[in-house]
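Heads up, the thing below is written out as structure tokens.
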Amino acid sequence: MIFDYYASGAEDQWTLKENRNAFSRILFRPRILIDVSKIDMTTTILGFKISMPIMIAPTAMQKMAHPEGEYATARAASAANTIMTLSSWATSSVEEVASTGPGIRFFQLYVYKDRKVVEQLVRRAERAGFKAIALTVDTPILGRREADIKNRFTLPPFLTLKNFEGLDLGQMEKTSDSGLSSYVAGQIDRTLSWKDVQWLQTITKMPILVKGVVTAEDTRLAIQAGAAGIIVSNHGARQLDYAPATISCLEEVVKAAQGRVPVFLDGGVRRGTDVFKALALGASGIFIGRPVVFSLAAEGEAGVRKVLQMLRDEFELTMALSGCRSLKEITRSHIVTEYDQPRIAVAPRL
């Protein structure tokens with residue numbers, strides 16, 4: 001039940017496969033004979049300096065994967081000097097995660113029907129030292145995840161959605177289909193609109209990243225509504241099946257943003273080469289989700305440290321072999337996509 005919950009996508013899972021396959025259709029145009037003896041992968045995200053443009057996406061209920069859950073993930077992110085995003089539906093509270101020690105952390109927010117609950121949660125995250133809100137905007141209703149329906153998915157009885165424990169919203173009922181789907185139908189606000197993005201800015205000083213944007217139109221609206229950044233995401237292919245891969249939507253969003261806010265990519269990143277491709281298409285950084293829960297299940301904190309190190313090493317190698325010494329040297333001309341015009345080189349005159 002737990003593996004299926006983490007691994008599956010919506011309906012036919014076409015987008016789940018496409019999130020990966022689309023990366024394999026982007027190829028490199030490496031540049032040679034460049035001194036790559038020193039490579040700098042550091043970057044600044046919303047003013048925070050981190051070691052690499054590889055960050056941790058929000059994934060729910062991590063104690064299903066490992067007893068230490070979000071504590072382990074937070075410690076691993078901190079050790080790697082990168083950002084962790086904590087899910088609203090974490091099995092550890094914002095205060096508990098903050099207690100693991102220093103670290104740059106973002107908080108992913110679902111907007112509940114009861115706005116008092118939302119206000120309370122945002123204030124708690126801010127008090128606990130979280131630095132930004134990642135507002136998930138692609139889930140007015142939960143996608144049809146057939147594995148969860150088949151398994152009658154529910155949160156194991158020894159776990160709770162810790163951030164909501166005191167509000168009697170921490171438990172999931174057993175149902176004849178997906179318990180999470182019923183929970184979302186009962187609690188999450190389907191009326192959520194752009195005016196709520198503006199409302200959110202009145203209750204917190206934290207910058208707001210809009211997570212779940214895949215079009216130019218919504219990019220422009222997000223910026224108008226005061227978003228501090230955009231996360232191109234299709235929710236790990238768990239919401240609308242037959243939505244394009246996020247890497248296929250990235251360039252459209254980047255062009256619409258016109259450099260006004262940073263754009264991040266979420267979905268399908270499994271290799272350092274994927275990170276490079278996203279940056280070449282204009283992303284300021286990427287977020288990984290499933291690699292974190294799977295490495296967490298395998299080896300706890302050490303597993304998450306290892307997955308971050310593997311991606312870091314592969315990304316560094318890709319940069320060196322492409323002739324890039326810093327993130328600003330990664331350009332659009334370092335890759336070729338299926339939509340690019342074929343480059344016919346004109347022979348130089350001798």
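Naming works like this for the structure tokens: A, B, ... for the chains as they're shown, residue 1 at the start of each chain, ligands 1 onward in shown order.
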Q.
Can you pull out the residues contacting Ile149 in chain A? Cut-off 12 Å, using only C-alpha atoms, and skip same-chain residues under 6 positions away; I want them as a list of chain:residue names.
A.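 My list of contacting residues is A:Met1, A:Asp4, A:Tyr5, A:Ser8, A:Ala10, A:Glu11, A:Leu142, A:Gly143, A:Lys174, A:Thr175, A:Ser176, A:Asp177, A:Ser178, A:Gly179, A:Leu180, A:Ser181, A:Ser182.
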For the residues selected in the previous step, produce a file with N, CA and C atoms as a short mmCIF file (atom, residue, chain, number, x, y, z; two decimals), in the first residue's frame.
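Saved file result-v3.cif follows:
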data_model
loop_
_atom_site.label_atom_id
_atom_site.label_comp_id
_atom_site.auth_asym_id
_atom_site.auth_seq_id
_atom_site.Cartn_x
_atom_site.Cartn_y
_atom_site.Cartn_z
N MET A 1 0.83 -1.20 0.00
CA MET A 1 0.00 0.00 0.00
C MET A 1 0.88 1.27 0.00
N ASP A 4 2.99 1.67 -3.29
CA ASP A 4 2.10 2.12 -4.36
C ASP A 4 1.74 3.59 -4.21
N TYR A 5 1.52 4.02 -2.96
CA TYR A 5 1.17 5.42 -2.72
C TYR A 5 2.29 6.34 -3.22
N SER A 8 3.03 5.56 -7.54
CA SER A 8 2.07 5.63 -8.65
C SER A 8 1.74 7.05 -9.09
N ALA A 10 -1.42 9.24 -11.71
CA ALA A 10 -2.86 9.26 -11.94
C ALA A 10 -3.24 8.37 -13.14
N GLU A 11 -4.38 7.74 -13.03
CA GLU A 11 -5.04 7.02 -14.13
C GLU A 11 -4.11 6.11 -14.93
N LEU A 142 -8.31 15.66 -5.41
CA LEU A 142 -7.20 14.73 -5.61
C LEU A 142 -7.36 13.99 -6.93
N GLY A 143 -6.25 13.79 -7.64
CA GLY A 143 -6.26 13.02 -8.88
C GLY A 143 -6.68 11.59 -8.63
N LYS A 174 -11.05 5.28 7.27
CA LYS A 174 -11.00 4.14 6.34
C LYS A 174 -12.21 4.26 5.42
N THR A 175 -11.97 4.09 4.11
CA THR A 175 -13.08 4.22 3.16
C THR A 175 -13.04 3.05 2.19
N SER A 176 -14.04 2.97 1.32
CA SER A 176 -14.07 1.89 0.33
C SER A 176 -13.18 2.21 -0.86
N ASP A 177 -12.66 3.47 -0.93
CA ASP A 177 -11.68 3.77 -1.99
C ASP A 177 -10.41 4.34 -1.36
N SER A 178 -9.91 5.49 -1.82
CA SER A 178 -8.72 6.08 -1.22
C SER A 178 -9.10 6.98 -0.06
N GLY A 179 -8.56 6.68 1.11
CA GLY A 179 -8.83 7.50 2.29
C GLY A 179 -8.35 8.93 2.11
N LEU A 180 -7.22 9.09 1.38
CA LEU A 180 -6.69 10.43 1.15
C LEU A 180 -7.63 11.24 0.26
N SER A 181 -8.17 10.56 -0.75
CA SER A 181 -9.09 11.22 -1.67
C SER A 181 -10.32 11.75 -0.93
N SER A 182 -10.84 10.94 -0.01
CA SER A 182 -12.00 11.37 0.79
C SER A 182 -11.62 12.53 1.72
#
Q: Please identify all polymer residues within 12 Å of Val111 in chain A, counting only C-alpha atoms, omitting same-chain residues fewer than 2 positions from it, and present them as a ChimeraX atom specification.
A: /A:88-89,108-109,113-122,133-141,184,187-193,196-197,199-200
Q: Enter the distance from CA of Gly282 in chain A to CA of Thr331 in chain A, in Å, rounded to one decimal.
A: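 If I compute the distance from CA of Gly282 in chain A to CA of Thr331 in chain A, I get 8.0 Å.
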Q.
as a PyMOL selection string, please: every residue in range 131-265 of chain A that a backbone DSSP assignment puts in strand (DSSP E or B).
A. chain A and resi 132-136+188+208-213+229-232+263-265
Write out the residues from the selection above, keeping C-alpha atoms, as a PDB file, in the first residue's frame.
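Result file part-v5.pdb:
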ATOM      1  CA  ALA A 132       8.999  30.527   2.183  1.00  0.00           C
ATOM      2  CA  ILE A 133       5.592  29.058   1.358  1.00  0.00           C
ATOM      3  CA  ALA A 134       5.206  26.691  -1.580  1.00  0.00           C
ATOM      4  CA  LEU A 135       1.501  26.996  -2.348  1.00  0.00           C
ATOM      5  CA  THR A 136       0.193  23.911  -4.143  1.00  0.00           C
ATOM      6  CA  ILE A 188      -9.407  21.082   0.862  1.00  0.00           C
ATOM      7  CA  ILE A 208       5.139  32.672  -1.857  1.00  0.00           C
ATOM      8  CA  LEU A 209       6.144  30.195  -4.529  1.00  0.00           C
ATOM      9  CA  VAL A 210       3.252  28.992  -6.677  1.00  0.00           C
ATOM     10  CA  LYS A 211       3.664  25.253  -7.205  1.00  0.00           C
ATOM     11  CA  GLY A 212       1.790  23.638 -10.090  1.00  0.00           C
ATOM     12  CA  VAL A 213       2.124  26.163 -12.919  1.00  0.00           C
ATOM     13  CA  GLY A 229       8.677  32.397  -7.713  1.00  0.00           C
ATOM     14  CA  ILE A 230       7.141  29.594  -9.728  1.00  0.00           C
ATOM     15  CA  ILE A 231       7.510  25.841  -9.423  1.00  0.00           C
ATOM     16  CA  VAL A 232       6.694  24.102 -12.689  1.00  0.00           C
ATOM     17  CA  VAL A 263      11.319  29.447 -12.091  1.00  0.00           C
ATOM     18  CA  PHE A 264      11.973  25.995 -10.613  1.00  0.00           C
ATOM     19  CA  LEU A 265      11.320  22.525 -11.994  1.00  0.00           C
TER      20      LEU A 265
END
(Q) I'd like to know which residues of range 118-149 of chain A are helix (DSSP H, G or I) (by DSSP, run on the backbone); could you write them as a list in words? (A)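 Written out, the helix (DSSP H, G or I) residues of range 118-149 of chain A are Val118, Glu119, Gln120, Leu121, Val122, Arg123, Arg124, Ala125, Glu126, Arg127, Glu146, Ala147, Asp148 and Ile149 of chain A.
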Q. Quick one: of A:Val293, A:Ala147, A:Ala125, A:Leu317, who's nearest to Phe276 in chain A, counting only C-alpha atoms?
A.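 Closest to Phe276 in chain A of all the choices is A:Leu317.
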**Q.** For Leu33 in chain A: contacts at 10 Å, only C-alpha atoms, fewer than 4 positions along chain excluded, given as an NGL selection string
**A.** :A and (321-323)
Q: Would you list the contacts of range 59-63 of chain A as a ChimeraX atom specification, taking every protein, DNA or RNA residue within 6 Å and counting only C-alpha atoms, but skipping same-chain residues closer than 2 positions in sequence?
A: /A:65-67,69-70,87,89-91
Using the selection just defined, write its residues with N, CA and C atoms as a PDB file, in the first residue's frame.
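Now in selection_33.pdb:
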ATOM      1  N   ALA A  65       7.664   5.770   5.177  1.00  0.00           N
ATOM      2  CA  ALA A  65       8.855   5.237   4.513  1.00  0.00           C
ATOM      3  C   ALA A  65       9.898   4.785   5.527  1.00  0.00           C
ATOM      4  N   HIS A  66      10.023   5.541   6.620  1.00  0.00           N
ATOM      5  CA  HIS A  66      11.067   5.272   7.611  1.00  0.00           C
ATOM      6  C   HIS A  66      10.622   5.873   8.940  1.00  0.00           C
ATOM      7  N   PRO A  67      10.910   5.210  10.062  1.00  0.00           N
ATOM      8  CA  PRO A  67      10.442   5.713  11.362  1.00  0.00           C
ATOM      9  C   PRO A  67      10.853   7.159  11.660  1.00  0.00           C
ATOM     10  N   GLY A  69      11.309   9.494   9.352  1.00  0.00           N
ATOM     11  CA  GLY A  69      10.567  10.353   8.431  1.00  0.00           C
ATOM     12  C   GLY A  69      11.211  11.690   8.152  1.00  0.00           C
ATOM     13  N   GLU A  70      10.425  12.749   8.334  1.00  0.00           N
ATOM     14  CA  GLU A  70      10.849  14.106   7.987  1.00  0.00           C
ATOM     15  C   GLU A  70      12.057  14.586   8.790  1.00  0.00           C
ATOM     16  N   SER A  87       6.050  19.049   3.666  1.00  0.00           N
ATOM     17  CA  SER A  87       4.652  18.939   3.240  1.00  0.00           C
ATOM     18  C   SER A  87       3.697  19.339   4.357  1.00  0.00           C
ATOM     19  N   TRP A  89       1.078  17.791   4.803  1.00  0.00           N
ATOM     20  CA  TRP A  89       0.651  16.477   5.292  1.00  0.00           C
ATOM     21  C   TRP A  89       1.813  15.641   5.795  1.00  0.00           C
ATOM     22  N   ALA A  90       2.749  16.315   6.465  1.00  0.00           N
ATOM     23  CA  ALA A  90       3.891  15.602   7.039  1.00  0.00           C
ATOM     24  C   ALA A  90       3.436  14.820   8.269  1.00  0.00           C
ATOM     25  N   THR A  91       4.218  13.772   8.583  1.00  0.00           N
ATOM     26  CA  THR A  91       3.977  13.002   9.805  1.00  0.00           C
ATOM     27  C   THR A  91       4.853  13.539  10.945  1.00  0.00           C
TER      28      THR A  91
END
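Across the structure, CA of Phe107 in chain A and CA of Asp266 in chain A are spaced 15.3 Å apart.
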Q | Best match for closeness to Thr82 in chain A among A:Ala216, A:Leu308, A:Ile247, A:Ile203, counting only C-alpha atoms | A |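 Of A:Ala216, A:Leu308, A:Ile247, A:Ile203, the one nearest Thr82 in chain A is A:Leu308, counting only C-alpha atoms.
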Q | Gly9 in chain A surroundings by only C-alpha atoms, 8 Å radius, close-in-sequence under 5 positions cut, as a list in words | A |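 The filter keeps Thr15, Leu16, Arg145, Gly236, Ala237, Arg238, Gln239 and Asp241 of chain A.
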Q.
Could you check the closest approach to Cys249 in chain A for each of A:Val304, A:Met64, A:Val275, A:Leu281 and tell me which residue wins, using only C-alpha atoms?
A. A:Leu281
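Minimum atom-to-atom distance to Met310 in chain A, evaluated using only C-alpha atoms, belongs to A:Gly272 out of A:Pro207, A:Pro157, A:Gly272, A:Gly166.
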Q. Which residue, A:His334, A:Arg343, A:Arg31, A:Arg75, has the smallest gap to Gly300 in chain A when you use only C-alpha atoms?
A.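 Between A:His334, A:Arg343, A:Arg31, A:Arg75, the residue approaching Gly300 in chain A most closely is A:Arg75.
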(Q) At a cut-off of 10 Å, using only C-alpha atoms, what residues contact Pro53 in chain A? Leave out same-chain residues fewer than 6 positions from it and give the result as a PyMOL selection string. (A) chain A and resi 41-45+82-83+264+275-276+279+283-287+312+315+327
